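Trainee: Input file: upload_14.pdb. Contents: PDB, C-alpha atoms.
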```
ATOM      1  CA  MET S   6      -3.638  27.569  16.540
ATOM      2  CA  ALA S   7      -2.005  29.607  13.775
ATOM      3  CA  ARG S   8      -1.213  26.405  11.897
ATOM      4  CA  MET S   9      -4.816  25.235  12.240
ATOM      5  CA  ALA S  10      -6.085  28.585  10.961
ATOM      6  CA  GLY S  11      -3.728  28.366   7.998
ATOM      7  CA  THR S  12      -4.875  24.828   7.249
ATOM      8  CA  ALA S  13      -8.524  25.867   7.395
ATOM      9  CA  ALA S  14      -7.879  28.780   5.069
ATOM     10  CA  ARG S  15      -6.052  26.515   2.616
ATOM     11  CA  ALA S  16      -8.961  24.068   2.602
ATOM     12  CA  GLU S  17     -11.497  26.846   2.109
ATOM     13  CA  THR S  18      -9.556  28.141  -0.888
ATOM     14  CA  LEU S  19      -9.387  24.700  -2.507
ATOM     15  CA  LEU S  20     -12.959  23.636  -1.735
ATOM     16  CA  GLY S  21     -14.744  26.948  -2.131
ATOM     17  CA  ILE S  22     -16.644  26.308   1.089
ATOM     18  CA  GLY S  23     -16.235  27.401   4.693
ATOM     19  CA  VAL S  24     -14.570  25.398   7.454
ATOM     20  CA  VAL S  25     -16.412  25.425  10.786
ATOM     21  CA  SER S  26     -13.815  23.580  12.874
ATOM     22  CA  THR S  27     -10.503  21.746  12.703
ATOM     23  CA  THR S  28      -9.232  18.826  14.789
ATOM     24  CA  PRO S  29      -5.747  17.244  14.652
ATOM     25  CA  VAL S  30      -5.723  13.591  13.586
ATOM     26  CA  ALA S  31      -3.188  11.353  15.323
ATOM     27  CA  GLY S  32      -0.932   8.964  13.451
ATOM     28  CA  GLY S  33       1.291   9.242  10.432
ATOM     29  CA  ASP S  34       4.885  10.464  10.457
ATOM     30  CA  ILE S  35       4.959  11.789   6.893
ATOM     31  CA  CYS S  36       2.046  14.201   6.659
ATOM     32  CA  THR S  37       0.097  16.331   9.093
ATOM     33  CA  ALA S  38      -3.566  15.272   9.038
ATOM     34  CA  THR S  39      -6.403  17.535  10.147
ATOM     35  CA  ARG S  40     -10.111  16.745  10.329
ATOM     36  CA  LEU S  41     -12.363  19.457   8.949
ATOM     37  CA  ARG S  42     -16.033  20.163   9.576
ATOM     38  CA  LEU S  43     -17.464  22.085   6.630
ATOM     39  CA  THR S  44     -20.301  24.593   6.628
ATOM     40  CA  ASP S  45     -22.508  22.225   4.616
ATOM     41  CA  GLY S  46     -22.249  19.616   7.384
ATOM     42  CA  ARG S  47     -19.785  17.299   5.655
ATOM     43  CA  GLY S  48     -16.598  16.029   7.214
ATOM     44  CA  ALA S  49     -13.253  16.024   5.424
ATOM     45  CA  ILE S  50      -9.597  15.394   6.133
ATOM     46  CA  ILE S  51      -6.717  17.461   4.804
ATOM     47  CA  LYS S  52      -3.195  16.042   4.615
ATOM     48  CA  THR S  53      -0.385  18.564   4.352
ATOM     49  CA  ARG S  54       3.348  18.263   3.893
ATOM     50  CA  PRO S  55       5.640  21.262   3.461
ATOM     51  CA  GLN S  56       8.093  20.894   0.579
ATOM     52  CA  ALA S  57       6.403  17.706  -0.568
ATOM     53  CA  PRO S  58       8.285  15.944  -3.390
ATOM     54  CA  ASP S  59       7.100  16.604  -6.911
ATOM     55  CA  GLY S  60       3.772  14.861  -7.558
ATOM     56  CA  PHE S  61       3.557  13.414  -4.039
ATOM     57  CA  PHE S  62      -0.121  14.191  -3.413
ATOM     58  CA  GLN S  63      -1.082  13.935  -7.076
ATOM     59  CA  ARG S  64       0.094  10.306  -7.259
ATOM     60  CA  GLU S  65      -1.933   9.470  -4.152
ATOM     61  CA  ALA S  66      -5.043  11.102  -5.599
ATOM     62  CA  GLU S  67      -4.599   9.305  -8.925
ATOM     63  CA  GLY S  68      -4.112   5.994  -7.123
ATOM     64  CA  LEU S  69      -7.294   6.439  -5.101
ATOM     65  CA  HIS S  70      -9.272   7.306  -8.220
ATOM     66  CA  TRP S  71      -7.896   4.306 -10.133
ATOM     67  CA  LEU S  72      -8.640   1.901  -7.303
ATOM     68  CA  GLY S  73     -12.099   3.371  -6.877
ATOM     69  CA  GLU S  74     -12.913   2.803 -10.554
ATOM     70  CA  ALA S  75     -12.683  -0.953  -9.897
ATOM     71  CA  GLY S  76     -15.900  -0.905  -7.885
ATOM     72  CA  GLY S  77     -14.396  -3.220  -5.277
ATOM     73  CA  ALA S  78     -12.761  -2.089  -2.042
ATOM     74  CA  LYS S  79     -14.025   1.342  -0.991
ATOM     75  CA  VAL S  80     -11.817   4.438  -1.257
ATOM     76  CA  PRO S  81     -12.535   7.958   0.019
ATOM     77  CA  THR S  82     -13.496  10.597  -2.534
ATOM     78  CA  VAL S  83     -10.763  13.083  -3.440
ATOM     79  CA  LEU S  84     -12.218  16.566  -2.843
ATOM     80  CA  ALA S  85      -9.113  18.559  -3.818
ATOM     81  CA  VAL S  86      -5.434  18.049  -4.517
ATOM     82  CA  ALA S  87      -2.523  20.472  -4.764
ATOM     83  CA  ASP S  88       1.268  20.355  -4.569
ATOM     84  CA  ASP S  89       1.201  20.814  -0.788
ATOM     85  CA  CYS S  90      -1.944  18.979   0.298
ATOM     86  CA  LEU S  91      -4.758  16.538  -0.362
ATOM     87  CA  VAL S  92      -8.363  16.826   0.826
ATOM     88  CA  LEU S  93     -10.515  13.706   1.147
ATOM     89  CA  ASP S  94     -13.924  12.750   2.478
ATOM     90  CA  TRP S  95     -13.772  11.937   6.181
ATOM     91  CA  ILE S  96     -14.418   8.262   6.985
ATOM     92  CA  GLU S  97     -15.753   7.838  10.509
ATOM     93  CA  PRO S  98     -13.866   4.886  12.030
ATOM     94  CA  SER S  99     -15.468   2.080  13.998
ATOM     95  CA  LYS S 100     -14.604  -1.283  15.536
ATOM     96  CA  PRO S 101     -13.630  -4.072  13.103
ATOM     97  CA  THR S 102     -16.031  -6.995  12.880
ATOM     98  CA  PRO S 103     -15.768 -10.434  11.245
ATOM     99  CA  GLU S 104     -18.607  -9.531   8.896
ATOM    100  CA  MET S 105     -16.785  -6.421   7.690
ATOM    101  CA  ALA S 106     -13.617  -8.468   7.205
ATOM    102  CA  GLU S 107     -15.497 -11.014   5.118
ATOM    103  CA  ARG S 108     -16.946  -8.312   2.880
ATOM    104  CA  PHE S 109     -13.544  -6.642   2.570
ATOM    105  CA  GLY S 110     -11.969  -9.885   1.352
ATOM    106  CA  ARG S 111     -14.547 -10.086  -1.438
ATOM    107  CA  ASP S 112     -14.186  -6.395  -2.272
ATOM    108  CA  LEU S 113     -10.397  -6.622  -2.436
ATOM    109  CA  ALA S 114     -10.688  -9.561  -4.828
ATOM    110  CA  ALA S 115     -12.942  -7.431  -7.050
ATOM    111  CA  THR S 116     -10.390  -4.602  -7.052
ATOM    112  CA  HIS S 117      -7.619  -6.969  -8.075
ATOM    113  CA  ARG S 118      -9.817  -8.553 -10.733
ATOM    114  CA  ALA S 119     -10.307  -5.147 -12.419
ATOM    115  CA  GLY S 120      -6.746  -5.560 -13.677
ATOM    116  CA  ALA S 121      -4.159  -3.152 -15.044
ATOM    117  CA  PRO S 122      -2.654  -2.441 -18.472
ATOM    118  CA  SER S 123       0.785  -3.664 -17.413
ATOM    119  CA  PHE S 124       3.038  -4.493 -14.491
ATOM    120  CA  GLY S 125       3.841  -1.003 -13.255
ATOM    121  CA  ALA S 126       2.238   2.392 -13.705
ATOM    122  CA  PRO S 127       2.503   5.343 -16.091
ATOM    123  CA  LEU S 128       4.407   7.458 -13.556
ATOM    124  CA  ASP S 129       6.774   6.793 -10.680
ATOM    125  CA  GLY S 130       5.226   7.258  -7.249
ATOM    126  CA  TYR S 131       5.976   7.006  -3.553
ATOM    127  CA  ILE S 132       5.668   4.438  -0.795
ATOM    128  CA  GLY S 133       5.785   6.279   2.494
ATOM    129  CA  ARG S 134       8.570   8.823   2.043
ATOM    130  CA  ALA S 135      10.489   6.618  -0.372
ATOM    131  CA  PRO S 136      10.392   7.034  -4.163
ATOM    132  CA  LEU S 137       8.686   4.145  -5.946
ATOM    133  CA  PRO S 138       9.901   3.286  -9.478
ATOM    134  CA  ASN S 139       6.963   2.155 -11.603
ATOM    135  CA  ARG S 140       8.187   1.999 -15.211
ATOM    136  CA  PRO S 141       6.380  -1.018 -16.682
ATOM    137  CA  LEU S 142       8.058  -4.315 -17.563
ATOM    138  CA  PRO S 143       6.584  -7.265 -19.478
ATOM    139  CA  THR S 144       6.412  -9.819 -16.654
ATOM    140  CA  TRP S 145       5.863  -9.643 -12.922
ATOM    141  CA  PRO S 146       9.174 -11.365 -11.999
ATOM    142  CA  GLU S 147      11.094  -8.787 -14.055
ATOM    143  CA  PHE S 148       9.093  -5.929 -12.574
ATOM    144  CA  PHE S 149       9.435  -7.158  -8.994
ATOM    145  CA  ALA S 150      13.181  -7.687  -9.221
ATOM    146  CA  SER S 151      13.981  -4.479 -11.115
ATOM    147  CA  ARG S 152      11.472  -2.046  -9.603
ATOM    148  CA  ARG S 153      10.583  -3.415  -6.174
ATOM    149  CA  VAL S 154      13.620  -5.193  -4.765
ATOM    150  CA  MET S 155      16.982  -4.203  -6.235
ATOM    151  CA  PRO S 156      16.573  -0.395  -5.916
ATOM    152  CA  TYR S 157      15.892  -0.802  -2.197
ATOM    153  CA  VAL S 158      18.686  -3.336  -1.707
ATOM    154  CA  ARG S 159      21.122  -0.729  -3.039
ATOM    155  CA  ALA S 160      19.571   2.046  -0.954
ATOM    156  CA  ALA S 161      19.613  -0.097   2.212
ATOM    157  CA  VAL S 162      23.301  -0.933   1.702
ATOM    158  CA  ASP S 163      24.050   2.772   1.218
ATOM    159  CA  ARG S 164      22.159   3.554   4.431
ATOM    160  CA  GLY S 165      24.032   0.874   6.345
ATOM    161  CA  SER S 166      20.907  -1.107   7.211
ATOM    162  CA  LEU S 167      21.890  -4.031   4.963
ATOM    163  CA  THR S 168      25.383  -5.547   4.782
ATOM    164  CA  PRO S 169      26.950  -6.530   1.445
ATOM    165  CA  ASP S 170      26.606 -10.207   2.444
ATOM    166  CA  GLU S 171      22.924  -9.742   3.255
ATOM    167  CA  ALA S 172      22.447  -7.958  -0.046
ATOM    168  CA  SER S 173      24.062 -10.906  -1.844
ATOM    169  CA  THR S 174      21.555 -13.284  -0.243
ATOM    170  CA  ILE S 175      18.619 -11.209  -1.504
ATOM    171  CA  GLU S 176      20.245 -10.899  -4.948
ATOM    172  CA  ALA S 177      20.445 -14.700  -5.061
ATOM    173  CA  VAL S 178      16.664 -14.835  -4.621
ATOM    174  CA  MET S 179      16.229 -12.394  -7.489
ATOM    175  CA  ARG S 180      18.346 -14.621  -9.722
ATOM    176  CA  ARG S 181      15.816 -17.395  -8.999
ATOM    177  CA  ILE S 182      12.767 -15.146  -9.227
ATOM    178  CA  HIS S 183      11.257 -16.953 -12.227
ATOM    179  CA  ASP S 184      11.370 -20.249 -10.324
ATOM    180  CA  LEU S 185       9.988 -18.773  -7.115
ATOM    181  CA  ALA S 186       7.235 -16.532  -8.497
ATOM    182  CA  GLY S 187       4.628 -19.225  -9.045
ATOM    183  CA  PRO S 188       2.278 -19.486 -12.031
ATOM    184  CA  ALA S 189       2.107 -16.430 -14.274
ATOM    185  CA  GLU S 190      -0.907 -14.188 -13.725
ATOM    186  CA  PRO S 191      -2.140 -11.076 -15.546
ATOM    187  CA  PRO S 192      -1.494  -7.705 -13.900
ATOM    188  CA  ALA S 193      -3.835  -7.093 -10.967
ATOM    189  CA  ARG S 194      -5.017  -3.670  -9.793
ATOM    190  CA  ILE S 195      -3.304  -3.555  -6.408
ATOM    191  CA  HIS S 196      -3.077  -1.092  -3.531
ATOM    192  CA  GLY S 197       0.659  -1.673  -3.153
ATOM    193  CA  ASP S 198       1.021  -0.643   0.513
ATOM    194  CA  LEU S 199      -1.809  -2.548   2.154
ATOM    195  CA  TRP S 200      -0.882  -2.752   5.816
ATOM    196  CA  SER S 201      -3.471  -2.343   8.570
ATOM    197  CA  GLY S 202      -2.652   1.362   9.038
ATOM    198  CA  ASN S 203      -3.941   1.986   5.530
ATOM    199  CA  ILE S 204      -7.297   0.341   6.240
ATOM    200  CA  VAL S 205     -10.172   2.228   7.888
ATOM    201  CA  TRP S 206     -12.960   0.136   9.392
ATOM    202  CA  GLY S 207     -15.847   2.504   8.818
ATOM    203  CA  ALA S 208     -18.831   3.224  11.023
ATOM    204  CA  ASP S 209     -20.933   2.731   7.873
ATOM    205  CA  GLY S 210     -20.028  -0.971   7.879
ATOM    206  CA  ASP S 211     -17.603  -0.750   4.978
ATOM    207  CA  VAL S 212     -13.830  -1.168   5.031
ATOM    208  CA  TRP S 213     -11.986   1.662   3.273
ATOM    209  CA  ILE S 214      -8.451   1.668   1.867
ATOM    210  CA  ILE S 215      -6.258   4.791   1.945
ATOM    211  CA  ASP S 216      -2.683   5.922   1.191
ATOM    212  CA  PRO S 217      -2.096   3.682  -1.829
ATOM    213  CA  ALA S 218       1.049   2.984  -3.805
ATOM    214  CA  ALA S 219      -1.244   1.751  -6.563
ATOM    215  CA  HIS S 220       0.066  -0.020  -9.663
ATOM    216  CA  GLY S 221      -0.372  -3.066 -11.822
ATOM    217  CA  GLY S 222       1.169  -5.880  -9.813
ATOM    218  CA  HIS S 223       0.661  -9.349  -8.411
ATOM    219  CA  ARG S 224      -2.404  -9.808  -6.229
ATOM    220  CA  GLU S 225      -0.421 -11.888  -3.735
ATOM    221  CA  THR S 226       1.539  -8.710  -2.927
ATOM    222  CA  ASP S 227      -1.395  -7.048  -1.147
ATOM    223  CA  LEU S 228      -2.132 -10.245   0.790
ATOM    224  CA  ALA S 229       1.521 -10.574   1.764
ATOM    225  CA  MET S 230       1.582  -7.034   3.137
ATOM    226  CA  LEU S 231      -1.541  -7.679   5.199
ATOM    227  CA  SER S 232       0.027 -10.877   6.527
ATOM    228  CA  LEU S 233       3.398  -9.261   7.288
ATOM    229  CA  PHE S 234       2.163  -6.603   9.704
ATOM    230  CA  GLY S 235      -1.134  -8.184  10.718
ATOM    231  CA  ALA S 236      -4.707  -6.927  10.478
ATOM    232  CA  PRO S 237      -7.908  -7.439  12.468
ATOM    233  CA  HIS S 238      -9.703 -10.627  11.455
ATOM    234  CA  LEU S 239      -6.915 -11.389   8.974
ATOM    235  CA  GLN S 240      -7.853 -15.031   8.544
ATOM    236  CA  ARG S 241     -11.447 -14.089   7.730
ATOM    237  CA  ILE S 242     -10.206 -11.594   5.109
ATOM    238  CA  LEU S 243      -7.966 -14.196   3.463
ATOM    239  CA  GLU S 244     -10.590 -16.927   3.495
ATOM    240  CA  SER S 245     -13.210 -14.629   2.006
ATOM    241  CA  TYR S 246     -10.753 -13.433  -0.630
ATOM    242  CA  GLU S 247      -9.888 -16.966  -1.672
ATOM    243  CA  GLU S 248     -13.542 -17.933  -1.895
ATOM    244  CA  ALA S 249     -14.132 -15.032  -4.279
ATOM    245  CA  ALA S 250     -10.887 -15.393  -6.242
ATOM    246  CA  PRO S 251      -9.013 -18.667  -5.667
ATOM    247  CA  LEU S 252      -5.252 -18.261  -5.433
ATOM    248  CA  ALA S 253      -2.629 -20.400  -7.150
ATOM    249  CA  GLU S 254      -1.382 -23.399  -5.213
ATOM    250  CA  GLY S 255       1.471 -22.575  -2.851
ATOM    251  CA  TRP S 256       0.568 -18.918  -2.431
ATOM    252  CA  ARG S 257       1.216 -18.957   1.310
ATOM    253  CA  ASP S 258       4.741 -20.271   0.671
ATOM    254  CA  ARG S 259       5.347 -17.293  -1.626
ATOM    255  CA  LEU S 260       4.399 -14.675   0.970
ATOM    256  CA  PRO S 261       8.041 -14.159   2.071
ATOM    257  CA  LEU S 262       8.956 -13.376  -1.544
ATOM    258  CA  HIS S 263       6.373 -10.593  -1.764
ATOM    259  CA  GLN S 264       7.329  -9.372   1.708
ATOM    260  CA  LEU S 265      10.884  -8.606   0.621
ATOM    261  CA  HIS S 266       9.774  -5.280  -0.810
ATOM    262  CA  PRO S 267       8.057  -3.794   2.280
ATOM    263  CA  LEU S 268      10.824  -5.103   4.538
ATOM    264  CA  LEU S 269      13.462  -3.437   2.361
ATOM    265  CA  VAL S 270      11.480  -0.196   2.203
ATOM    266  CA  HIS S 271      11.367  -0.209   6.002
ATOM    267  CA  ALA S 272      15.103  -0.930   6.111
ATOM    268  CA  VAL S 273      15.703   2.138   3.943
ATOM    269  CA  LEU S 274      13.336   4.403   5.881
ATOM    270  CA  PHE S 275      13.792   3.187   9.458
ATOM    271  CA  GLY S 276      16.850   0.918   9.666
ATOM    272  CA  GLY S 277      16.608  -1.258  12.747
ATOM    273  CA  THR S 278      16.112  -4.984  12.227
ATOM    274  CA  TYR S 279      14.263  -4.735   8.911
ATOM    275  CA  GLY S 280      17.342  -5.534   6.864
ATOM    276  CA  ALA S 281      17.930  -8.681   8.904
ATOM    277  CA  ARG S 282      14.254  -9.653   8.516
ATOM    278  CA  ALA S 283      14.478  -9.240   4.742
ATOM    279  CA  THR S 284      17.598 -11.413   4.714
ATOM    280  CA  ALA S 285      15.870 -14.082   6.834
ATOM    281  CA  ALA S 286      12.964 -14.139   4.371
ATOM    282  CA  ALA S 287      15.426 -14.515   1.489
ATOM    283  CA  LYS S 288      17.249 -17.397   3.211
ATOM    284  CA  HIS S 289      13.916 -19.106   3.831
ATOM    285  CA  LEU S 290      13.063 -18.873   0.129
ATOM    286  CA  LEU S 291      16.480 -20.187  -0.908
ATOM    287  CA  SER S 292      16.242 -23.094   1.521
ATOM    288  CA  GLY S 293      13.104 -24.375  -0.188
ATOM    289  CA  HIS S 294      11.249 -24.622   3.110
ATOM    290  CA  THR S 295       7.476 -24.588   2.780
ATOM    291  CA  SER S 296       6.388 -24.076   6.354
TER     292      SER S 296
END
```
Go ahead and render the structure in this file as structure tokens.
Mentor:
Amino acid sequence: MARMAGTAARAETLLGIGVVSTTPVAGGDICTATRLRLTDGRGAIIKTRPQAPDGFFQREAEGLHWLGEAGGAKVPTVLAVADDCLVLDWIEPSKPTPEMAERFGRDLAATHRAGAPSFGAPLDGYIGRAPLPNRPLPTWPEFFASRRVMPYVRAAVDRGSLTPDEASTIEAVMRRIHDLAGPAEPPARIHGDLWSGNIVWGADGDVWIIDPAAHGGHRETDLAMLSLFGAPHLQRILESYEEAAPLAEGWRDRLPLHQLHPLLVHAVLFGGTYGARATAAAKHLLSGHTS
């Protein structure tokens, strides 16, 4: 109860408005999330993390704002941000429907189409608890190899969740990255961590995206993340996306390439079988299979 009272007081200070009630929100192993009911009748959510890394909540807020500017997939409004917390509009969740999935596919295509100045972002960020290097590079293959794969290969080896032999297999894929990447595309405005846990199917009929690792990247990356961990009505999302923004031939065969990054991040953060899964994806790419 003391923690809840402290959270309410922190929100009141940042928002300049009273908090009527607080309710813990389940899920998430990085931040503590609390639903707020404000005196003006609005709902909000406050995410807190003691000793958060420098810029942790600021990067999330900036990413939400940047994605929201695209006018595509919906993002919650940032109400306040500080070093130790982030306050957002509350999105009332509901049951996913095929119609919502279809609209989300179109909206995600619009977000991607808004583009980005470069492959990368002005500042480094975070994906989950892990640091996310974002310094721009001229082409997506260079950016993906240098900023999205190799740093996590090294970190996974150091953690013991990837063997040196497994690391060598993934490095071999990076040496062939220009051959495997498919046709060159301009930088897309991507979410960067688009698994189903970062999608809220809203009671208002819209699908909302949260917790971004936003940057200029390849649009297939967001689709690969959705496909890796699954999402409700995934096929409807993908079909609707491709109707709105046709993808380059062979994009499904390239999904394992884009999935190397989230698998390696999970290997660094959680260990387990993620290192082996990343290696299996790399072997598949090297084998030239197109199943």
Trainee: Would you translate the PyMOL selection byres ((chain S and resi 195) around 10) into the concrete set of residues it matches in this file, as a short mmCIF file (atom, residue, chain, number, x, y, z; two decimals) with C-alpha atoms, keeping the file's coordinate frame?
Mentor:
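Generated file (part20.cif):
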```
data_model
loop_
_atom_site.label_atom_id
_atom_site.label_comp_id
_atom_site.auth_asym_id
_atom_site.auth_seq_id
_atom_site.Cartn_x
_atom_site.Cartn_y
_atom_site.Cartn_z
CA GLY S 68 -4.11 5.99 -7.12
CA TRP S 71 -7.90 4.31 -10.13
CA LEU S 72 -8.64 1.90 -7.30
CA LEU S 113 -10.40 -6.62 -2.44
CA ALA S 114 -10.69 -9.56 -4.83
CA THR S 116 -10.39 -4.60 -7.05
CA HIS S 117 -7.62 -6.97 -8.07
CA ARG S 118 -9.82 -8.55 -10.73
CA ALA S 119 -10.31 -5.15 -12.42
CA GLY S 120 -6.75 -5.56 -13.68
CA ALA S 121 -4.16 -3.15 -15.04
CA PRO S 192 -1.49 -7.70 -13.90
CA ALA S 193 -3.84 -7.09 -10.97
CA ARG S 194 -5.02 -3.67 -9.79
CA HIS S 196 -3.08 -1.09 -3.53
CA GLY S 197 0.66 -1.67 -3.15
CA ASP S 198 1.02 -0.64 0.51
CA LEU S 199 -1.81 -2.55 2.15
CA PRO S 217 -2.10 3.68 -1.83
CA ALA S 218 1.05 2.98 -3.80
CA ALA S 219 -1.24 1.75 -6.56
CA HIS S 220 0.07 -0.02 -9.66
CA GLY S 221 -0.37 -3.07 -11.82
CA GLY S 222 1.17 -5.88 -9.81
CA HIS S 223 0.66 -9.35 -8.41
CA ARG S 224 -2.40 -9.81 -6.23
CA GLU S 225 -0.42 -11.89 -3.74
CA THR S 226 1.54 -8.71 -2.93
CA ASP S 227 -1.40 -7.05 -1.15
CA LEU S 228 -2.13 -10.24 0.79
#
```
Trainee: Enumerate, as a compact mmCIF listing (two decimals) with C-alpha atoms, in the frame of the given file, the residues matched when the PyMOL selection byres ((chain S and resi 288) around 12) is run on the file above.
Mentor:
```
# COMPACT_ATOMS: atom_id res chain seq x y z
CA ASP S 170 26.61 -10.21 2.44
CA GLU S 171 22.92 -9.74 3.26
CA ALA S 172 22.45 -7.96 -0.05
CA SER S 173 24.06 -10.91 -1.84
CA THR S 174 21.56 -13.28 -0.24
CA ILE S 175 18.62 -11.21 -1.50
CA GLU S 176 20.24 -10.90 -4.95
CA ALA S 177 20.44 -14.70 -5.06
CA VAL S 178 16.66 -14.84 -4.62
CA MET S 179 16.23 -12.39 -7.49
CA PRO S 261 8.04 -14.16 2.07
CA LEU S 262 8.96 -13.38 -1.54
CA LEU S 265 10.88 -8.61 0.62
CA ALA S 281 17.93 -8.68 8.90
CA ARG S 282 14.25 -9.65 8.52
CA ALA S 283 14.48 -9.24 4.74
CA THR S 284 17.60 -11.41 4.71
CA ALA S 285 15.87 -14.08 6.83
CA ALA S 286 12.96 -14.14 4.37
CA ALA S 287 15.43 -14.52 1.49
CA HIS S 289 13.92 -19.11 3.83
CA LEU S 290 13.06 -18.87 0.13
CA LEU S 291 16.48 -20.19 -0.91
CA SER S 292 16.24 -23.09 1.52
CA GLY S 293 13.10 -24.38 -0.19
CA HIS S 294 11.25 -24.62 3.11
```
Trainee: Evaluate the PyMOL selection byres ((chain S and resi 236) around 12) and record the selected residues as JSON, numbers by chain, following the chain and residue labels used in the document.
Mentor: {"S": [101, 102, 103, 106, 109, 199, 200, 201, 202, 203, 204, 205, 206, 228, 229, 230, 231, 232, 233, 234, 235, 237, 238, 239, 240, 241, 242, 243]}
Trainee: Near Tyr157 in chain S, within 7 Å and counting all atoms listed in the file, which residues show up once chain neighbours fewer than 5 positions away are dropped, as a PyMOL selection string?
Mentor: chain S and resi 269-270+273
Trainee: In Å, how far is it from CA of Leu137 in chain S to CA of Arg111 in chain S?
Mentor: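 Computing the Euclidean distance for CA of Leu137 in chain S and CA of Arg111 in chain S yields 27.6 Å.
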Trainee: So the first atom is CA of Gly32 in chain S and the second is CA of Gly210 in chain S; what is the distance between them in Å, to one decimal place?
Mentor: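 Answer for the CA of Gly32 in chain S to CA of Gly210 in chain S separation: 22.2 Å.
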Trainee: Could you name the residues that touch range 142-156 of chain S at 6 Å or less, counting all atoms listed in the file, but leaving out those on the same chain fewer than 6 positions away, as an NGL selection string?
Mentor: :S and (124 or 179 or 182-183 or 266)
Trainee: Show which residues sit within 10 Å of Asp112 in chain S, as a PyMOL selection string. Count only C-alpha atoms, and ignore same-chain residues fewer than 6 positions away.
Mentor: chain S and resi 75-79+106+118+211-212+242+245-246+249
Trainee: Which polymer residues have any atom within 9 Å of an atom of Leu128 in chain S, counting all atoms listed in the file, with same-chain residues fewer than 3 positions away left out, as a list in words?
Mentor: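 Residues meeting the cut-off are Arg64, Gly125, Pro138, Asn139 and Arg140 of chain S.
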Trainee: Do you have the CA of Pro169 in chain S-CA of Leu268 in chain S distance handy?
Mentor: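 One can read the CA of Pro169 in chain S to CA of Leu268 in chain S distance as 16.5 Å.
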Trainee: Padding of 3 Å on every side, edges along x, y and z, all listed atoms of range 231-242 of chain S included: what centre and edge lengths in Å, to one decimal, does that box have, as AutoDock Vina command-line options?
Mentor:
```
--center_x -4.0 --center_y -10.8 --center_z 8.8 --size_x 20.8 --size_y 14.4 --size_z 13.4
```
Trainee: Return the single residue from S:Pro188, S:Asp94, S:Gly73, S:Glu67 that is closest to Leu43 in chain S, with distances computed using all atoms listed in the file.
Mentor: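 When distances to Leu43 in chain S are compared using all atoms listed in the file, the smallest one comes from S:Asp94.
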Trainee: Rank nothing, just name the residue among S:Arg15, S:Ala189, S:Arg108, S:Arg40 nearest to Thr27 in chain S, using all atoms listed in the file.
Mentor: S:Arg40
Trainee: If we count only C-alpha atoms, what is near Phe275 in chain S at a cut-off of 12 Å, once residues fewer than 5 positions away on the same chain are taken out, given as a PyMOL selection string?
Mentor: chain S and resi 34+133-135+160-161+164-167+267-270+280
Trainee: Taking into account all atoms listed in the file, which residue in the set S:Ala115, S:Ile132, S:Leu19, S:Ala31 is nearest to Ala87 in chain S?
Mentor: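 Smallest distance to Ala87 in chain S is found for S:Leu19.
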Trainee: Nearest to Thr53 in chain S among S:Glu74, S:Glu65, S:Asp88, S:Glu248, with distances taken over all atoms listed in the file: which residue is it?
Mentor: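 Nearest candidate to Thr53 in chain S out of S:Glu74, S:Glu65, S:Asp88, S:Glu248: S:Asp88.
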